[in-house]
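Q: Got a structure for you, protein_38.txt, holding compact mmCIF, C-alpha atoms.
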```
# COMPACT_ATOMS: atom_id res chain seq x y z
CA MET A 1 -25.90 20.38 -10.91
CA THR A 2 -22.82 18.55 -9.78
CA GLU A 3 -21.32 19.72 -6.53
CA THR A 4 -17.62 19.28 -5.98
CA ARG A 5 -16.18 19.07 -2.50
CA ALA A 6 -12.70 19.88 -1.36
CA MET A 7 -10.45 16.87 -0.99
CA THR A 8 -9.54 15.92 2.55
CA ALA A 9 -6.56 14.06 3.96
CA SER A 10 -8.40 10.72 3.80
CA ASP A 11 -8.89 11.20 0.03
CA TYR A 12 -5.10 11.21 -0.30
CA SER A 13 -4.45 7.93 1.49
CA LEU A 14 -2.56 5.56 -0.75
CA GLY A 15 -5.38 3.02 -0.59
CA LYS A 16 -7.85 5.58 -1.85
CA ILE A 17 -5.55 6.85 -4.59
CA LEU A 18 -4.79 3.32 -5.83
CA SER A 19 -8.43 2.37 -5.71
CA ASN A 20 -9.30 5.44 -7.81
CA LEU A 21 -6.49 4.67 -10.24
CA LEU A 22 -7.59 1.09 -10.86
CA SER A 23 -11.21 2.13 -11.15
CA LEU A 24 -10.31 4.74 -13.78
CA ILE A 25 -8.19 2.24 -15.70
CA SER A 26 -10.98 -0.32 -15.76
CA LYS A 27 -13.48 2.28 -16.99
CA GLU A 28 -10.98 3.82 -19.41
CA GLN A 29 -11.66 7.22 -17.88
CA GLN A 30 -9.28 10.08 -17.24
CA PRO A 31 -8.63 11.34 -13.70
CA LYS A 32 -10.50 14.47 -12.66
CA GLU A 33 -9.44 14.68 -9.03
CA GLU A 34 -6.98 17.27 -7.92
CA SER A 35 -4.40 14.71 -6.91
CA ASP A 36 -1.07 15.09 -8.67
CA LEU A 37 -0.13 11.58 -7.52
CA LEU A 38 -3.18 10.09 -9.21
CA GLN A 39 -2.46 12.06 -12.38
CA ALA A 40 1.12 10.83 -12.36
CA LEU A 41 0.18 7.18 -11.82
CA TYR A 42 -2.46 7.33 -14.52
CA TYR A 43 -0.01 8.88 -16.97
CA ILE A 44 2.69 6.30 -16.24
CA TYR A 45 0.23 3.42 -16.60
CA ASN A 46 -0.77 4.73 -20.01
CA SER A 47 2.59 6.16 -21.02
CA ASP A 48 2.90 3.92 -24.06
CA THR A 49 -0.22 5.52 -25.54
CA CYS A 50 0.05 9.03 -24.06
CA SER A 51 1.44 11.56 -26.47
CA GLY A 52 0.94 14.66 -24.34
CA GLU A 53 3.32 16.41 -21.98
CA LEU A 54 4.43 14.82 -18.75
CA PRO A 55 2.26 15.87 -15.79
CA PRO A 56 3.78 18.19 -13.19
CA SER A 57 6.48 16.63 -11.04
CA VAL A 58 6.90 13.56 -13.27
CA CYS A 59 10.30 13.19 -14.84
CA LYS A 60 11.52 10.65 -17.33
CA PHE A 61 15.19 9.82 -16.91
CA MET A 62 17.68 7.77 -18.85
CA LEU A 63 19.45 5.01 -16.99
CA ASP A 64 23.07 5.81 -17.70
CA ASP A 65 25.17 6.70 -14.65
CA ASP A 66 25.39 10.45 -15.09
CA ALA A 67 21.71 10.83 -15.89
CA THR A 68 20.69 8.68 -12.94
CA GLY A 69 22.79 10.68 -10.49
CA ASP A 70 21.49 13.93 -11.95
CA ALA A 71 17.89 12.66 -11.73
CA ILE A 72 18.25 11.82 -8.05
CA LYS A 73 19.74 15.22 -7.29
CA HIS A 74 17.00 16.91 -9.32
CA LEU A 75 14.24 14.98 -7.55
CA LYS A 76 15.61 15.83 -4.11
CA THR A 77 15.96 19.50 -5.07
CA CYS A 78 12.38 19.53 -6.36
CA LEU A 79 11.12 17.96 -3.17
CA GLN A 80 12.95 20.43 -0.99
CA SER A 81 11.55 23.36 -2.95
CA LEU A 82 8.00 21.97 -2.80
CA SER A 83 8.02 21.21 0.89
CA GLN A 84 7.09 23.93 3.32
CA ASN A 85 9.33 22.33 5.92
CA ASP A 86 12.98 21.56 6.24
CA ILE A 87 13.24 17.94 5.09
CA THR A 88 16.98 17.58 5.65
CA ALA A 89 16.34 14.77 8.14
CA LEU A 90 14.74 12.80 5.32
CA ASN A 91 17.73 13.16 3.01
CA SER A 92 19.28 9.76 3.77
CA PRO A 93 16.06 7.72 3.57
CA ILE A 94 14.92 9.49 0.41
CA THR A 95 18.32 9.03 -1.24
CA TYR A 96 18.39 5.37 -0.22
CA LEU A 97 14.88 4.85 -1.54
CA LEU A 98 15.57 6.50 -4.90
CA ASP A 99 18.96 4.78 -5.25
CA GLU A 100 17.62 1.30 -4.62
CA LEU A 101 14.50 1.64 -6.72
CA ILE A 102 16.28 3.22 -9.69
CA CYS A 103 19.04 0.63 -9.40
CA ASN A 104 16.37 -2.08 -9.55
CA ILE A 105 15.23 -0.67 -12.89
CA GLN A 106 18.82 -0.61 -14.18
CA GLN A 107 19.44 -4.16 -13.07
CA HIS A 108 16.19 -5.90 -13.87
CA ALA A 109 13.72 -4.05 -16.07
CA GLN A 110 15.57 -4.26 -19.39
CA VAL A 111 14.69 -0.69 -20.40
CA ASP A 112 16.67 2.45 -21.17
CA ALA A 113 14.60 4.91 -19.16
CA GLY A 114 12.46 5.19 -16.07
CA TYR A 115 9.91 7.55 -14.56
CA ALA A 116 9.94 9.29 -11.23
CA PHE A 117 7.51 11.51 -9.42
CA VAL A 118 8.13 13.37 -6.19
CA ASP A 119 5.73 15.71 -4.48
CA TYR A 120 4.95 17.30 -1.17
CA ASN A 121 1.27 17.13 -0.29
CA PRO A 122 0.34 19.99 2.05
CA VAL A 123 -3.14 18.59 2.76
CA ASP A 124 -1.79 15.71 4.82
CA ASP A 125 1.81 16.98 5.20
CA SER A 126 3.24 14.00 3.35
CA ILE A 127 5.83 13.17 0.77
CA GLU A 128 4.77 11.13 -2.24
CA ILE A 129 7.27 9.29 -4.42
CA VAL A 130 6.85 7.05 -7.45
CA VAL A 131 9.62 5.24 -9.29
CA ALA A 132 8.45 3.33 -12.34
CA ASP A 133 9.48 1.60 -15.52
CA GLU A 134 7.90 0.05 -18.59
CA GLY A 135 10.04 -3.05 -18.34
CA ILE A 136 9.60 -6.79 -18.11
CA THR A 137 7.82 -6.70 -14.70
CA ILE A 138 9.07 -8.36 -11.52
CA TYR A 139 7.67 -11.71 -12.63
CA GLY A 140 9.49 -11.31 -15.93
CA SER A 141 12.79 -10.55 -14.23
CA TYR A 142 12.64 -13.81 -12.23
CA VAL A 143 11.81 -15.73 -15.39
CA ALA A 144 14.52 -13.98 -17.41
CA ALA A 145 17.08 -14.90 -14.76
CA GLN A 146 15.62 -18.40 -14.28
CA LYS A 147 15.61 -17.83 -10.50
CA HIS A 148 13.20 -19.16 -7.87
CA LEU A 149 10.96 -20.65 -10.53
CA GLU A 150 9.90 -23.40 -8.14
CA LEU A 151 8.38 -20.74 -5.86
CA LEU A 152 7.16 -18.43 -8.57
CA GLY A 153 4.35 -20.37 -10.18
CA ASP A 154 2.70 -18.40 -12.92
CA SER A 155 1.50 -15.33 -11.10
CA ASP A 156 2.60 -11.72 -10.80
CA ALA A 157 1.26 -11.79 -7.25
CA GLN A 158 3.63 -14.54 -6.18
CA ALA A 159 6.52 -12.66 -7.83
CA LEU A 160 5.69 -9.62 -5.69
CA ASN A 161 5.62 -11.84 -2.63
CA LEU A 162 9.10 -13.13 -3.42
CA ALA A 163 10.41 -9.61 -4.04
CA GLN A 164 9.07 -8.24 -0.74
CA ASN A 165 10.67 -11.23 0.95
CA GLY A 166 14.10 -10.33 -0.47
CA TYR A 167 14.48 -13.13 -3.02
CA SER A 168 16.94 -11.68 -5.52
CA VAL A 169 17.57 -12.72 -9.09
CA LYS A 170 21.26 -11.91 -8.72
CA ASN A 171 22.70 -13.30 -5.50
CA LEU A 172 26.27 -14.48 -5.75
CA PRO A 173 26.69 -18.26 -5.30
CA GLU A 174 28.07 -18.08 -1.76
CA THR A 175 26.49 -14.90 -0.46
CA GLU A 176 23.20 -13.07 -0.16
CA ASN A 177 24.26 -9.61 -1.14
CA ARG A 178 21.27 -8.69 -3.32
CA GLY A 179 17.54 -8.42 -3.03
CA TYR A 180 17.33 -5.61 -0.51
CA GLY A 181 15.66 -3.03 -2.75
CA ILE A 182 11.99 -3.61 -2.11
CA SER A 183 12.19 -5.47 1.20
CA SER A 184 14.40 -3.01 3.08
CA ASN A 185 12.65 0.05 1.68
CA MET A 186 9.24 -1.34 2.55
CA ARG A 187 10.31 -1.88 6.15
CA MET A 188 11.92 1.54 6.32
CA VAL A 189 8.86 3.34 4.95
CA VAL A 190 6.13 1.44 6.82
CA GLU A 191 7.81 0.63 10.14
CA GLY A 192 10.33 3.45 10.35
CA LEU A 193 8.68 6.42 8.68
CA LYS A 194 5.08 5.36 9.46
CA GLY A 195 4.21 5.55 5.80
CA GLU A 196 2.52 3.50 3.10
CA PHE A 197 4.16 1.38 0.40
CA ALA A 198 2.83 -0.22 -2.76
CA VAL A 199 4.21 -2.05 -5.77
CA PHE A 200 2.17 -2.42 -8.95
CA SER A 201 3.64 -4.87 -11.44
CA GLY A 202 1.84 -6.72 -14.20
CA ASN A 203 -1.48 -7.99 -12.91
CA ALA A 204 -0.73 -7.63 -9.19
CA LEU A 205 -0.58 -4.95 -6.53
CA LEU A 206 1.34 -5.32 -3.29
CA VAL A 207 0.29 -2.97 -0.51
CA GLN A 208 1.60 -2.46 2.96
CA PHE A 209 -0.15 0.18 5.03
CA ALA A 210 -0.33 0.60 8.79
CA ASP A 211 -3.58 -1.34 9.02
CA ARG A 212 -3.30 -3.83 6.17
CA LYS A 213 -0.87 -5.69 4.01
CA GLY A 214 -1.22 -8.17 1.21
CA VAL A 215 -0.88 -8.84 -2.47
CA LEU A 216 -3.90 -8.35 -4.69
CA SER A 217 -4.21 -10.41 -7.81
CA LEU A 218 -6.08 -7.90 -9.94
CA PRO A 219 -8.97 -8.30 -12.40
CA LYS A 220 -7.74 -9.40 -15.80
CA GLU A 221 -8.42 -6.05 -17.47
CA ILE A 222 -5.74 -4.48 -15.28
CA ASP A 223 -2.23 -5.27 -16.49
CA PHE A 224 0.61 -2.81 -16.17
CA LYS A 225 3.44 -3.54 -18.59
CA GLY A 226 6.10 -2.60 -16.13
CA THR A 227 6.59 -1.94 -12.45
CA MET A 228 5.82 1.05 -10.28
CA VAL A 229 6.73 1.54 -6.67
CA ILE A 230 4.51 4.07 -4.92
CA VAL A 231 5.48 5.45 -1.54
CA LYS A 232 3.87 7.96 0.80
CA PHE A 233 5.10 8.98 4.22
CA PRO A 234 4.81 11.89 6.66
CA ALA A 235 7.13 14.81 5.99
CA HIS A 236 8.29 14.69 9.60
CA VAL A 237 10.67 11.96 10.72
CA PRO A 238 9.46 10.10 13.83
CA ALA A 239 11.71 10.73 16.83
CA GLU A 240 12.55 7.03 17.19
CA PHE A 241 13.48 6.54 13.51
CA ASP A 242 16.92 4.98 13.07
CA PHE A 243 17.92 4.90 9.41
CA TYR A 244 20.79 2.48 9.93
CA LYS A 245 18.43 -0.18 11.26
CA TYR A 246 17.04 -0.54 7.76
CA ILE A 247 20.23 -0.79 5.76
CA SER A 248 21.76 -3.60 7.81
CA MET B 1 53.62 3.52 -6.26
CA LYS B 2 49.92 3.68 -5.56
CA GLN B 3 47.68 5.81 -7.70
CA VAL B 4 45.30 7.95 -5.70
CA ILE B 5 41.82 8.54 -7.10
CA ASN B 6 39.96 11.43 -5.52
CA MET B 7 36.41 10.14 -5.64
CA PHE B 8 34.83 13.47 -4.63
CA GLU B 9 36.54 15.28 -7.50
CA LYS B 10 35.56 12.52 -9.90
CA TYR B 11 31.95 11.94 -8.86
CA GLY B 12 30.82 14.62 -6.40
CA LYS B 13 29.51 13.93 -2.92
CA GLU B 14 27.13 11.05 -3.79
CA LEU B 15 27.81 7.67 -5.39
CA HIS B 16 24.58 6.31 -6.75
CA THR B 17 25.01 3.35 -9.05
CA ARG B 18 26.70 -0.02 -9.25
CA GLN B 19 27.61 0.67 -12.86
CA MET B 20 29.56 3.75 -11.83
CA VAL B 21 31.87 1.60 -9.72
CA GLU B 22 32.03 -1.10 -12.40
CA ARG B 23 33.18 1.52 -14.91
CA LEU B 24 35.80 2.75 -12.48
CA SER B 25 37.01 -0.82 -12.12
CA THR B 26 37.36 -1.39 -15.84
CA SER B 27 39.28 1.88 -16.21
CA MET B 28 42.01 0.65 -13.84
CA ASN B 29 45.22 -0.91 -15.10
CA ALA B 30 45.57 -4.55 -14.07
CA GLY B 31 49.06 -4.32 -12.60
CA ASP B 32 48.72 -1.04 -10.68
CA ASP B 33 47.82 -0.36 -7.05
CA TYR B 34 45.09 2.15 -6.24
CA LEU B 35 43.93 4.20 -3.28
CA LEU B 36 40.38 5.47 -3.47
CA ASP B 37 40.21 8.66 -1.43
CA MET B 38 36.60 8.88 -0.26
CA ARG B 39 36.87 12.16 1.66
CA GLY B 40 33.81 14.27 0.88
CA ILE B 41 31.66 11.36 -0.31
CA GLU B 42 28.64 11.75 1.97
CA GLN B 43 26.12 9.35 0.41
CA ILE B 44 26.49 5.97 -1.23
CA SER B 45 23.84 3.54 -2.40
CA ARG B 46 23.84 -0.04 -1.18
CA SER B 47 24.50 -1.26 -4.70
CA ALA B 48 27.48 1.09 -5.21
CA ALA B 49 28.84 0.00 -1.81
CA ASP B 50 28.37 -3.64 -2.77
CA GLU B 51 30.32 -3.07 -5.96
CA LEU B 52 33.06 -1.28 -4.01
CA TYR B 53 33.32 -4.43 -1.89
CA ASN B 54 33.85 -6.43 -5.10
CA LEU B 55 36.46 -3.95 -6.26
CA THR B 56 38.46 -4.09 -3.03
CA HIS B 57 38.22 -7.86 -2.67
CA GLY B 58 38.90 -8.86 -6.24
CA GLN B 59 41.94 -9.31 -8.45
CA ARG B 60 42.99 -5.66 -8.37
CA ARG B 61 44.92 -4.10 -5.48
CA VAL B 62 42.56 -1.38 -4.37
CA GLU B 63 42.22 0.20 -0.93
CA ILE B 64 39.76 2.77 0.35
CA ILE B 65 40.81 5.64 2.60
CA ASN B 66 39.19 8.60 4.36
CA ILE B 67 35.77 7.05 4.59
CA GLU B 68 33.00 9.33 5.85
CA PRO B 69 30.69 7.96 8.59
CA PHE B 70 27.66 7.23 6.42
CA VAL B 71 29.73 5.48 3.78
CA GLU B 72 31.49 3.43 6.45
CA LYS B 73 28.15 2.22 7.81
CA MET B 74 26.92 1.29 4.36
CA LEU B 75 30.13 -0.57 3.60
CA SER B 76 29.80 -2.42 6.92
CA ALA B 77 26.23 -3.35 6.06
CA VAL B 78 27.13 -4.84 2.70
CA THR B 79 30.17 -6.62 4.15
CA LEU B 80 28.03 -8.22 6.86
CA GLY B 81 25.53 -9.18 4.18
CA ARG B 82 28.26 -11.22 2.52
CA PHE B 83 28.95 -13.36 5.54
CA LEU B 84 25.72 -13.62 7.50
CA PRO B 85 22.80 -15.70 6.34
CA ARG B 86 19.93 -13.55 5.18
CA ARG B 87 17.47 -12.72 7.93
CA ARG B 88 14.19 -12.60 6.12
CA THR B 89 12.23 -10.15 8.20
CA SER B 90 9.20 -10.39 5.99
CA THR B 91 6.96 -13.38 5.62
CA ASP B 92 4.72 -14.37 2.77
CA LEU B 93 1.86 -11.94 2.46
CA PRO B 94 -1.67 -13.16 1.83
CA ILE B 95 -2.57 -13.22 -1.85
CA ILE B 96 -6.14 -12.10 -2.47
CA ASP B 97 -7.71 -12.94 -5.78
CA CYS B 98 -9.84 -9.98 -6.87
CA GLN B 99 -12.14 -10.71 -9.78
CA THR B 100 -13.74 -7.27 -9.88
CA ILE B 101 -12.76 -3.66 -9.29
CA GLY B 102 -15.31 -3.58 -6.48
CA GLN B 103 -13.36 -6.27 -4.66
CA VAL B 104 -10.13 -4.33 -5.20
CA THR B 105 -11.69 -1.17 -3.81
CA GLN B 106 -12.98 -3.02 -0.79
CA GLN B 107 -9.54 -4.47 -0.08
CA LEU B 108 -7.84 -1.09 -0.43
CA THR B 109 -10.26 1.17 1.36
CA ALA B 110 -12.67 -0.76 3.58
CA SER B 111 -12.03 -0.78 7.30
CA VAL B 112 -11.67 -4.57 7.17
CA SER B 113 -7.99 -5.52 6.85
CA LEU B 114 -6.62 -7.69 4.11
```
Any chance you could give the structure as structure tokens?
A:
Amino acid sequence: MTETRAMTASDYSLGKILSNLLSLISKEQQPKEESDLLQALYYIYNSDTCSGELPPSVCKFMLDDDATGDAIKHLKTCLQSLSQNDITALNSPITYLLDELICNIQQHAQVDAGYAFVDYNPVDDSIEIVVADEGITIYGSYVAAQKHLELLGDSDAQALNLAQNGYSVKNLPETENRGYGISSNMRMVVEGLKGEFAVFSGNALLVQFADRKGVLSLPKEIDFKGTMVIVKFPAHVPAEFDFYKYIS
Amino acid sequence: MKQVINMFEKYGKELHTRQMVERLSTSMNAGDDYLLDMRGIEQISRSAADELYNLTHGQRRVEIINIEPFVEKMLSAVTLGRFLPRRRTSTDLPIIDCQTIGQVTQQLTASVSL
């Protein structure tokens, strides 16, 4: 007889969730755990072959202006209704996060639609957000723009390293006005909000947690045809958090 | 005579996308002057603010008035970004070649750091 145990806060760490996701993908198994985040990630990874309904809290949005604005408002409203707490203090960082990540899809992914997931997890009092696309991957966007090829090599992992370092595919000739999306949000989430940040694109996974950071070049059977940014942070803003530090 | 565009009436209290500002730009007549009244706009994305910078520093005569505090800070941030060299606060992260799922799991969950 199989005994199931209740999931604890440590089961919901981003490292554990991502590890479970990649394990399931490699074994071609479906998720059984009670984690909505894992269900969402698994669905998005397999969205080209999934014909069923979207899992709870996942929304697919078109990338025209009106739809994007509506999607962001909808996601924030969903999050507020799910959370047991007043999350007004998180309004600016969450809006900034969604704006930048959705804008990245518009600018780079070469797709018409994206996916988003927002949830409040009462077990560890955290907010979980995913913004994803089935586009040309981060590596593909550098190649398509013919930017930083001398640094890029031939690996998705190196492309993620460039992205987290703020190397944009669209800087103007005399200025550096682009490339803030992943780098500034990663700093804001990990340093400012004491959260966890991950980017899964192609055959690579970038993670930055409190106790570890790096880019994993994944086994060859793992290859996501797109990009997903996965973020998890406490639902309470640290007293010392200064949002403006991360936009400048 | 300057044409006043009430941004709150046109877009609501949040400006999210670069394309939204680009569309506004293309809807403007080349020879006219414009005032963008930003009263009531409480949130703006960095990319929309960056495109507003382009709009107000390009060929068209466009000014922005009644800027709310958050929007002003975002506009300042993108303006500074135009003139200051990029401070790369991140460094290259270690790249770990994982040949198996077991290695991935160890990297993601073991107490040993990457």
Q: Could you give me, as JSON lines, every chain B residue with an atom at most 9 Å from chain A, plus its closest atom pair and distance in Å to one decimal, counting all atoms listed in the file, rows ordered by chain then number?
A:
```
{"residue": "B:Glu14", "atom": "CA", "partner": "A:Gly69", "partner_atom": "CA", "distance": 8.0}
{"residue": "B:Leu15", "atom": "CA", "partner": "A:Gly69", "partner_atom": "CA", "distance": 7.8}
{"residue": "B:His16", "atom": "CA", "partner": "A:Asp99", "partner_atom": "CA", "distance": 6.0}
{"residue": "B:Thr17", "atom": "CA", "partner": "A:Asp65", "partner_atom": "CA", "distance": 6.5}
{"residue": "B:Arg18", "atom": "CA", "partner": "A:Cys103", "partner_atom": "CA", "distance": 7.7}
{"residue": "B:Gln19", "atom": "CA", "partner": "A:Asp65", "partner_atom": "CA", "distance": 6.7}
{"residue": "B:Met20", "atom": "CA", "partner": "A:Asp65", "partner_atom": "CA", "distance": 6.0}
{"residue": "B:Gln43", "atom": "CA", "partner": "A:Ser92", "partner_atom": "CA", "distance": 7.6}
{"residue": "B:Ile44", "atom": "CA", "partner": "A:Tyr96", "partner_atom": "CA", "distance": 8.2}
{"residue": "B:Ser45", "atom": "CA", "partner": "A:Asp99", "partner_atom": "CA", "distance": 5.8}
{"residue": "B:Arg46", "atom": "CA", "partner": "A:Glu100", "partner_atom": "CA", "distance": 7.2}
{"residue": "B:Ser47", "atom": "CA", "partner": "A:Glu100", "partner_atom": "CA", "distance": 7.3}
{"residue": "B:Asp50", "atom": "CA", "partner": "A:Asn177", "partner_atom": "CA", "distance": 7.4}
{"residue": "B:Lys73", "atom": "CA", "partner": "A:Tyr244", "partner_atom": "CA", "distance": 7.7}
{"residue": "B:Met74", "atom": "CA", "partner": "A:Ile247", "partner_atom": "CA", "distance": 7.1}
{"residue": "B:Ser76", "atom": "CA", "partner": "A:Ser248", "partner_atom": "CA", "distance": 8.2}
{"residue": "B:Ala77", "atom": "CA", "partner": "A:Ser248", "partner_atom": "CA", "distance": 4.8}
{"residue": "B:Val78", "atom": "CA", "partner": "A:Asn177", "partner_atom": "CA", "distance": 6.8}
{"residue": "B:Thr79", "atom": "CA", "partner": "A:Asn177", "partner_atom": "CA", "distance": 8.5}
{"residue": "B:Leu80", "atom": "CA", "partner": "A:Ser248", "partner_atom": "CA", "distance": 7.8}
{"residue": "B:Gly81", "atom": "CA", "partner": "A:Asn177", "partner_atom": "CA", "distance": 5.5}
{"residue": "B:Arg82", "atom": "CA", "partner": "A:Thr175", "partner_atom": "CA", "distance": 5.1}
{"residue": "B:Phe83", "atom": "CA", "partner": "A:Thr175", "partner_atom": "CA", "distance": 6.7}
{"residue": "B:Leu84", "atom": "CA", "partner": "A:Glu176", "partner_atom": "CA", "distance": 8.1}
{"residue": "B:Pro85", "atom": "CA", "partner": "A:Glu176", "partner_atom": "CA", "distance": 7.0}
{"residue": "B:Arg86", "atom": "CA", "partner": "A:Glu176", "partner_atom": "CA", "distance": 6.3}
{"residue": "B:Arg88", "atom": "CA", "partner": "A:Asn165", "partner_atom": "CA", "distance": 6.4}
{"residue": "B:Thr89", "atom": "CA", "partner": "A:Asn165", "partner_atom": "CA", "distance": 7.5}
{"residue": "B:Ser90", "atom": "CA", "partner": "A:Asn165", "partner_atom": "CA", "distance": 5.3}
{"residue": "B:Thr91", "atom": "CA", "partner": "A:Asn165", "partner_atom": "CA", "distance": 6.3}
{"residue": "B:Asp92", "atom": "CA", "partner": "A:Asn161", "partner_atom": "CA", "distance": 6.0}
{"residue": "B:Leu93", "atom": "CA", "partner": "A:Gly214", "partner_atom": "CA", "distance": 5.0}
{"residue": "B:Pro94", "atom": "CA", "partner": "A:Gly214", "partner_atom": "CA", "distance": 5.0}
{"residue": "B:Ile95", "atom": "CA", "partner": "A:Val215", "partner_atom": "CA", "distance": 4.7}
{"residue": "B:Ile96", "atom": "CA", "partner": "A:Leu216", "partner_atom": "CA", "distance": 4.9}
{"residue": "B:Asp97", "atom": "CA", "partner": "A:Ser217", "partner_atom": "CA", "distance": 4.8}
{"residue": "B:Cys98", "atom": "CA", "partner": "A:Leu218", "partner_atom": "CA", "distance": 5.3}
{"residue": "B:Gln99", "atom": "CA", "partner": "A:Pro219", "partner_atom": "CA", "distance": 4.8}
{"residue": "B:Thr100", "atom": "CA", "partner": "A:Pro219", "partner_atom": "CA", "distance": 5.5}
{"residue": "B:Ile101", "atom": "CA", "partner": "A:Ser23", "partner_atom": "CA", "distance": 6.3}
{"residue": "B:Gly102", "atom": "CA", "partner": "A:Ser23", "partner_atom": "CA", "distance": 8.4}
{"residue": "B:Val104", "atom": "CA", "partner": "A:Ser19", "partner_atom": "CA", "distance": 6.9}
{"residue": "B:Thr105", "atom": "CA", "partner": "A:Ser19", "partner_atom": "CA", "distance": 5.2}
{"residue": "B:Gln106", "atom": "CA", "partner": "A:Ser19", "partner_atom": "CA", "distance": 8.6}
{"residue": "B:Gln107", "atom": "CA", "partner": "A:Leu216", "partner_atom": "CA", "distance": 8.3}
{"residue": "B:Leu108", "atom": "CA", "partner": "A:Gly15", "partner_atom": "CA", "distance": 4.8}
{"residue": "B:Thr109", "atom": "CA", "partner": "A:Gly15", "partner_atom": "CA", "distance": 5.6}
{"residue": "B:Ser111", "atom": "CA", "partner": "A:Asp211", "partner_atom": "CA", "distance": 8.6}
{"residue": "B:Val112", "atom": "CA", "partner": "A:Arg212", "partner_atom": "CA", "distance": 8.5}
{"residue": "B:Ser113", "atom": "CA", "partner": "A:Arg212", "partner_atom": "CA", "distance": 5.0}
{"residue": "B:Leu114", "atom": "CA", "partner": "A:Arg212", "partner_atom": "CA", "distance": 5.5}
```
Q: For the residues in that selection, give me C-alpha atoms as a compact mmCIF listing (two decimals), in the frame of the given file.
A:
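Written file, selection.txt:
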```txt
# COMPACT_ATOMS: atom_id res chain seq x y z
CA GLU B 14 27.13 11.05 -3.79
CA LEU B 15 27.81 7.67 -5.39
CA HIS B 16 24.58 6.31 -6.75
CA THR B 17 25.01 3.35 -9.05
CA ARG B 18 26.70 -0.02 -9.25
CA GLN B 19 27.61 0.67 -12.86
CA MET B 20 29.56 3.75 -11.83
CA GLN B 43 26.12 9.35 0.41
CA ILE B 44 26.49 5.97 -1.23
CA SER B 45 23.84 3.54 -2.40
CA ARG B 46 23.84 -0.04 -1.18
CA SER B 47 24.50 -1.26 -4.70
CA ASP B 50 28.37 -3.64 -2.77
CA LYS B 73 28.15 2.22 7.81
CA MET B 74 26.92 1.29 4.36
CA SER B 76 29.80 -2.42 6.92
CA ALA B 77 26.23 -3.35 6.06
CA VAL B 78 27.13 -4.84 2.70
CA THR B 79 30.17 -6.62 4.15
CA LEU B 80 28.03 -8.22 6.86
CA GLY B 81 25.53 -9.18 4.18
CA ARG B 82 28.26 -11.22 2.52
CA PHE B 83 28.95 -13.36 5.54
CA LEU B 84 25.72 -13.62 7.50
CA PRO B 85 22.80 -15.70 6.34
CA ARG B 86 19.93 -13.55 5.18
CA ARG B 88 14.19 -12.60 6.12
CA THR B 89 12.23 -10.15 8.20
CA SER B 90 9.20 -10.39 5.99
CA THR B 91 6.96 -13.38 5.62
CA ASP B 92 4.72 -14.37 2.77
CA LEU B 93 1.86 -11.94 2.46
CA PRO B 94 -1.67 -13.16 1.83
CA ILE B 95 -2.57 -13.22 -1.85
CA ILE B 96 -6.14 -12.10 -2.47
CA ASP B 97 -7.71 -12.94 -5.78
CA CYS B 98 -9.84 -9.98 -6.87
CA GLN B 99 -12.14 -10.71 -9.78
CA THR B 100 -13.74 -7.27 -9.88
CA ILE B 101 -12.76 -3.66 -9.29
CA GLY B 102 -15.31 -3.58 -6.48
CA VAL B 104 -10.13 -4.33 -5.20
CA THR B 105 -11.69 -1.17 -3.81
CA GLN B 106 -12.98 -3.02 -0.79
CA GLN B 107 -9.54 -4.47 -0.08
CA LEU B 108 -7.84 -1.09 -0.43
CA THR B 109 -10.26 1.17 1.36
CA SER B 111 -12.03 -0.78 7.30
CA VAL B 112 -11.67 -4.57 7.17
CA SER B 113 -7.99 -5.52 6.85
CA LEU B 114 -6.62 -7.69 4.11
```
Q: Kindly give the distance, in Å, that separates atom CA of Glu196 of chain A and atom CA of Pro55 of chain A, rounded to a single decimal.
A: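 About the pair atom CA of Glu196 of chain A and atom CA of Pro55 of chain A: they are 22.6 Å apart.
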Q: So how far away is atom CA of Phe117 of chain A from atom CA of Val130 of chain A, in Å?
A: 4.9 Å
Q: Rounded to one decimal in Å, what is the spacing between atom CA of Ala48 of chain B and atom CA of Leu36 of chain B?
A: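 According to the coordinates, atom CA of Ala48 of chain B and atom CA of Leu36 of chain B are separated by 13.7 Å.
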Q: Which residues are close to Phe233 of chain A, i.e. within 8 Å by all atoms listed in the file, leaving aside same-chain residues fewer than 5 positions away? Reply as a list in words.
A: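 After dropping sequence-adjacent residues, the list is Ser126, Ile127, Glu128, Val189, Leu193, Lys194, Gly195 and Glu196 of chain A.
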Q: Box for segment 33-43 of chain A: with edges along x, y and z, all listed atoms inside and 6 Å added on each side, what are the centre and edge lengths in Å to one decimal, as lines of an AutoDock Vina configuration file?
A:
```
center_x = -4.2
center_y = 12.2
center_z = -11.9
size_x = 22.6
size_y = 22.1
size_z = 22.1
```
Q: Segment 60-69 of chain B: which residues within 12 Å, counting all atoms listed in the file, same-chain residues fewer than 2 positions away excluded, as JSON, numbers by chain?
A: {"A": [244], "B": [1, 2, 3, 4, 5, 6, 7, 8, 13, 14, 24, 25, 26, 27, 28, 29, 30, 31, 32, 33, 34, 35, 36, 37, 38, 39, 40, 41, 42, 43, 44, 49, 52, 53, 54, 55, 56, 57, 58, 71, 72, 73, 74, 75, 76]}
Q: Might you pull out every residue within 10 Å of segment 138-144 of chain A, with all atoms listed in the file counted and same-chain residues fewer than 6 positions away left off, and present them as a ChimeraX atom specification?
A: /A:104-105,107-110,152-160,162-163,167-170,199-204,226-227
Q: List every protein, DNA or RNA residue that has an atom no more than 7 Å from (-2.1, 6.8, -9.8) in the file's coordinate frame, counting only C-alpha atoms, and report them as a list of chain:residue names.
A: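 Within 7 Å of (-2.1, 6.8, -9.8), the protein and nucleic acid residues are A:Ile17, A:Leu18, A:Leu21, A:Leu37, A:Leu38, A:Gln39, A:Ala40, A:Leu41, A:Tyr42.
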